Amino acid sequence: YTTLHHWFRLYLRFALAAQMFYYGMAKVIPTQFPPPALVTLVRPIGDLSLSDLLWVFVGASTPYQMFTGWAELLAGVLLVVPHTATLGALAALVDMTQVFVLNMTYDFGLKQISFHLILVSLFLLAPQFQRLANVLVLNRTALPSSEPVMFSTPRANRMALVAQIAFGMFLIAMFTNLSLRFYVADGGTGAPRSPLYGIWNVEELAID
């Protein structure tokens, strides 16, 4: 089962990277958390549910939303390259732990998937736990990684590396295109606004 385990880890690595690209790009191109709607801005904050409050406070600060998106994209990029996959799994673990805590404490509905991604990150990190403990906790020298190579020849492994990077670039392009389409769609953050868009205090109304 060693070979099956190795390919299963490869599958999980790209499954996790795809999720990091999906959610990360939806924040870098701010579509996941749109700016608060006008009807929301005139409501008392006490009328908002916890999940609505989460959506409003993240959407109200585009730089913060983009920062969290770049952190998730970084984890995805690191996961794509085998030599940086451990660092990518660590970054994904940190990112998803923050998301999971927000989902739990603000009662948002993505609790299971964020916890699932935490477990995937831990599974990818499991073979490196001793090495990480040596460096981060025990102040010892870490031995080289014992992660087996995919194929027996250097040429095949180089081709596999190129294929993984190419597939990672494809994932980034696909999720970038998806987020851009949502961004410029009707009602999206980047859609054209009416010149009269805004909140108005009407002092006088004349008809005919």
# chains A, B, ... in the order shown; residues from 1 in each chain; ligands from 1

call {"tool": "select_by_dssp", "arguments": {"residues": "chain A", "states": "helix (DSSP H, G or I)", "output": "JSON, numbers by chain"}}
result
{"A": [2, 3, 4, 5, 6, 7, 8, 9, 10, 11, 12, 13, 14, 15, 16, 17, 18, 19, 20, 21, 22, 23, 24, 25, 26, 27, 28, 38, 39, 40, 41, 45, 46, 47, 50, 51, 52, 53, 54, 55, 56, 57, 58, 59, 62, 63, 64, 65, 66, 67, 68, 69, 70, 71, 72, 73, 74, 75, 76, 77, 78, 79, 80, 82, 83, 84, 85, 86, 87, 88, 89, 90, 91, 92, 93, 94, 95, 96, 97, 98, 99, 100, 101, 102, 103, 104, 105, 111, 112, 113, 114, 115, 116, 117, 118, 119, 120, 121, 122, 123, 124, 125, 126, 127, 128, 129, 130, 131, 132, 133, 134, 135, 136, 154, 155, 156, 157, 158, 159, 160, 161, 162, 163, 164, 165, 166, 167, 168, 169, 170, 171, 172, 173, 174, 175, 176, 177, 178, 179, 180, 181, 182, 183, 184]}

call {"tool": "residues_around", "arguments": {"residues": "A:Val99", "least_positions_apart": "3", "cutoff": "9 Å", "atoms": "only C-alpha atoms", "output": "list in words"}}
result
Val94, Asp95, Met96, Leu102, Asn103, Met104, Leu110, Lys111, Ser114 and Phe115 of chain A

call {"tool": "closest_residue", "arguments": {"among": "A:Ala75, A:Thr105, A:Ser194, A:Phe21", "to": "A:Ala89", "atoms": "only C-alpha atoms"}}
result
A:Ala75

call {"tool": "atom_distance", "arguments": {"atom1": "atom CA of A:Leu79", "atom2": "atom CA of A:Gly24"}}
result
13.6 Å

call {"tool": "atom_distance", "arguments": {"atom1": "atom CA of A:Ile29", "atom2": "atom CA of A:Gln98"}}
result
19.9 Å

call {"tool": "residues_around", "arguments": {"residues": "A:Arg181", "least_positions_apart": "6", "cutoff": "12 Å", "atoms": "only C-alpha atoms", "output": "PDB file with N, CA, C and O atoms, in the first residue's frame"}}
result
ATOM      1  N   MET A  25      -8.819  33.233  -4.270  1.00  0.00           N
ATOM      2  CA  MET A  25      -9.073  34.133  -5.383  1.00  0.00           C
ATOM      3  C   MET A  25     -10.399  34.870  -5.205  1.00  0.00           C
ATOM      4  O   MET A  25     -10.556  36.015  -5.658  1.00  0.00           O
ATOM      5  N   ALA A  26     -11.367  34.240  -4.531  1.00  0.00           N
ATOM      6  CA  ALA A  26     -12.650  34.900  -4.274  1.00  0.00           C
ATOM      7  C   ALA A  26     -12.505  36.051  -3.278  1.00  0.00           C
ATOM      8  O   ALA A  26     -13.436  36.848  -3.122  1.00  0.00           O
ATOM      9  N   ILE A  29      -9.893  38.874  -5.535  1.00  0.00           N
ATOM     10  CA  ILE A  29     -10.879  39.580  -6.369  1.00  0.00           C
ATOM     11  C   ILE A  29     -12.159  39.571  -5.545  1.00  0.00           C
ATOM     12  O   ILE A  29     -12.896  38.580  -5.536  1.00  0.00           O
ATOM     13  N   PRO A  30     -12.441  40.638  -4.787  1.00  0.00           N
ATOM     14  CA  PRO A  30     -13.409  40.549  -3.681  1.00  0.00           C
ATOM     15  C   PRO A  30     -14.844  40.256  -4.133  1.00  0.00           C
ATOM     16  O   PRO A  30     -15.617  41.158  -4.437  1.00  0.00           O
ATOM     17  N   THR A  31     -15.131  38.963  -4.177  1.00  0.00           N
ATOM     18  CA  THR A  31     -16.482  38.521  -4.519  1.00  0.00           C
ATOM     19  C   THR A  31     -17.126  37.698  -3.409  1.00  0.00           C
ATOM     20  O   THR A  31     -18.351  37.646  -3.320  1.00  0.00           O
ATOM     21  N   MET A 174      -8.213  29.071 -13.794  1.00  0.00           N
ATOM     22  CA  MET A 174      -9.630  28.734 -13.779  1.00  0.00           C
ATOM     23  C   MET A 174     -10.376  29.497 -12.697  1.00  0.00           C
ATOM     24  O   MET A 174     -11.441  30.089 -12.939  1.00  0.00           O
ATOM     25  N   PHE A 175      -9.818  29.530 -11.477  1.00  0.00           N
ATOM     26  CA  PHE A 175     -10.508  30.210 -10.384  1.00  0.00           C
ATOM     27  C   PHE A 175     -10.409  31.729 -10.504  1.00  0.00           C
ATOM     28  O   PHE A 175     -11.290  32.442 -10.020  1.00  0.00           O
ATOM     29  N   GLY A 187     -24.991  43.024 -10.243  1.00  0.00           N
ATOM     30  CA  GLY A 187     -25.012  42.955  -8.790  1.00  0.00           C
ATOM     31  C   GLY A 187     -23.675  42.690  -8.152  1.00  0.00           C
ATOM     32  O   GLY A 187     -23.559  42.729  -6.927  1.00  0.00           O
ATOM     33  N   GLY A 188     -22.635  42.402  -8.968  1.00  0.00           N
ATOM     34  CA  GLY A 188     -21.309  42.152  -8.432  1.00  0.00           C
ATOM     35  C   GLY A 188     -20.614  43.430  -8.006  1.00  0.00           C
ATOM     36  O   GLY A 188     -21.028  44.542  -8.343  1.00  0.00           O
ATOM     37  N   THR A 189     -19.526  43.261  -7.282  1.00  0.00           N
ATOM     38  CA  THR A 189     -18.796  44.413  -6.760  1.00  0.00           C
ATOM     39  C   THR A 189     -18.288  45.320  -7.874  1.00  0.00           C
ATOM     40  O   THR A 189     -18.279  46.542  -7.736  1.00  0.00           O
ATOM     41  N   GLY A 190     -17.872  44.737  -8.993  1.00  0.00           N
ATOM     42  CA  GLY A 190     -17.320  45.530 -10.082  1.00  0.00           C
ATOM     43  C   GLY A 190     -18.315  45.890 -11.158  1.00  0.00           C
ATOM     44  O   GLY A 190     -17.933  46.442 -12.189  1.00  0.00           O
ATOM     45  N   ALA A 191     -19.588  45.583 -10.976  1.00  0.00           N
ATOM     46  CA  ALA A 191     -20.608  45.915 -11.976  1.00  0.00           C
ATOM     47  C   ALA A 191     -20.830  47.428 -12.015  1.00  0.00           C
ATOM     48  O   ALA A 191     -20.659  48.120 -11.006  1.00  0.00           O
TER      49      ALA A 191
END

call {"tool": "atom_distance", "arguments": {"atom1": "atom CA of A:Ser145", "atom2": "atom CA of A:Thr84"}}
result
11.4 Å

call {"tool": "closest_residue", "arguments": {"among": "A:Leu124, A:Leu53, A:Leu41, A:Val28", "to": "A:Tyr11", "atoms": "only C-alpha atoms"}}
result
A:Leu124

call {"tool": "residues_around", "arguments": {"residues": "stretch 156-169 of chain A", "least_positions_apart": "6", "cutoff": "7 Å", "atoms": "only C-alpha atoms", "output": "ChimeraX atom specification"}}
result
/A:80-81,150

call {"tool": "write_last_selection", "arguments": {"atoms": "all heavy atoms", "output": "short mmCIF file (atom, residue, chain, number, x, y, z; two decimals), in the first residue's frame"}}
result
data_model
loop_
_atom_site.label_atom_id
_atom_site.label_comp_id
_atom_site.auth_asym_id
_atom_site.auth_seq_id
_atom_site.Cartn_x
_atom_site.Cartn_y
_atom_site.Cartn_z
N VAL A 80 1.46 23.12 -4.40
CA VAL A 80 1.61 22.57 -5.74
C VAL A 80 3.01 22.01 -5.96
O VAL A 80 3.19 20.99 -6.62
CB VAL A 80 1.29 23.68 -6.78
CG1 VAL A 80 1.78 23.28 -8.17
CG2 VAL A 80 -0.21 23.94 -6.81
N VAL A 81 4.02 22.67 -5.40
CA VAL A 81 5.42 22.25 -5.61
C VAL A 81 5.79 21.24 -4.52
O VAL A 81 5.68 21.54 -3.32
CB VAL A 81 6.36 23.47 -5.55
CG1 VAL A 81 7.80 23.03 -5.83
CG2 VAL A 81 5.92 24.52 -6.56
N MET A 150 8.26 10.11 -6.76
CA MET A 150 7.12 9.48 -7.43
C MET A 150 7.56 8.36 -8.37
O MET A 150 6.91 7.33 -8.47
CB MET A 150 6.34 10.54 -8.21
CG MET A 150 5.67 11.59 -7.34
SD MET A 150 4.69 12.75 -8.32
CE MET A 150 3.46 11.66 -9.02
#

call {"tool": "closest_residue", "arguments": {"among": "A:Leu4, A:Asp107, A:Gly69, A:Leu117", "to": "A:Trp55", "atoms": "only C-alpha atoms"}}
result
A:Asp107

call {"tool": "decode", "arguments": {"residues": "stretch 142-154 of chain A", "atoms": "N, CA and C atoms", "output": "PDB file, in the first residue's frame"}}
result
ATOM      1  N   ALA A 142      17.030  18.875  12.126  1.00  0.00           N
ATOM      2  CA  ALA A 142      16.064  18.018  11.445  1.00  0.00           C
ATOM      3  C   ALA A 142      16.753  17.242  10.335  1.00  0.00           C
ATOM      4  N   LEU A 143      16.478  15.973  10.248  1.00  0.00           N
ATOM      5  CA  LEU A 143      17.017  15.144   9.181  1.00  0.00           C
ATOM      6  C   LEU A 143      16.309  15.474   7.868  1.00  0.00           C
ATOM      7  N   PRO A 144      16.915  15.153   6.732  1.00  0.00           N
ATOM      8  CA  PRO A 144      16.240  15.372   5.454  1.00  0.00           C
ATOM      9  C   PRO A 144      14.923  14.610   5.393  1.00  0.00           C
ATOM     10  N   SER A 145      14.017  15.120   4.592  1.00  0.00           N
ATOM     11  CA  SER A 145      12.716  14.479   4.454  1.00  0.00           C
ATOM     12  C   SER A 145      12.866  13.087   3.856  1.00  0.00           C
ATOM     13  N   SER A 146      12.087  12.164   4.383  1.00  0.00           N
ATOM     14  CA  SER A 146      12.098  10.792   3.869  1.00  0.00           C
ATOM     15  C   SER A 146      10.968  10.550   2.874  1.00  0.00           C
ATOM     16  N   GLU A 147      10.359  11.632   2.384  1.00  0.00           N
ATOM     17  CA  GLU A 147       9.256  11.501   1.426  1.00  0.00           C
ATOM     18  C   GLU A 147       9.760  10.831   0.151  1.00  0.00           C
ATOM     19  N   PRO A 148       9.166   9.715  -0.263  1.00  0.00           N
ATOM     20  CA  PRO A 148       9.660   9.019  -1.457  1.00  0.00           C
ATOM     21  C   PRO A 148       9.350   9.805  -2.727  1.00  0.00           C
ATOM     22  N   VAL A 149      10.194   9.623  -3.746  1.00  0.00           N
ATOM     23  CA  VAL A 149       9.942  10.254  -5.036  1.00  0.00           C
ATOM     24  C   VAL A 149       8.853   9.475  -5.757  1.00  0.00           C
ATOM     25  N   MET A 150       8.255  10.107  -6.760  1.00  0.00           N
ATOM     26  CA  MET A 150       7.123   9.480  -7.433  1.00  0.00           C
ATOM     27  C   MET A 150       7.563   8.360  -8.367  1.00  0.00           C
ATOM     28  N   PHE A 151       8.692   8.585  -9.075  1.00  0.00           N
ATOM     29  CA  PHE A 151       9.129   7.611 -10.072  1.00  0.00           C
ATOM     30  C   PHE A 151      10.584   7.244  -9.822  1.00  0.00           C
ATOM     31  N   SER A 152      11.042   6.247 -10.513  1.00  0.00           N
ATOM     32  CA  SER A 152      12.384   5.711 -10.261  1.00  0.00           C
ATOM     33  C   SER A 152      13.475   6.440 -11.029  1.00  0.00           C
ATOM     34  N   THR A 153      13.120   7.185 -12.068  1.00  0.00           N
ATOM     35  CA  THR A 153      14.144   7.863 -12.872  1.00  0.00           C
ATOM     36  C   THR A 153      14.048   9.374 -12.686  1.00  0.00           C
ATOM     37  N   PRO A 154      15.191  10.078 -12.706  1.00  0.00           N
ATOM     38  CA  PRO A 154      15.171  11.541 -12.574  1.00  0.00           C
ATOM     39  C   PRO A 154      14.349  12.226 -13.662  1.00  0.00           C
TER      40      PRO A 154
END
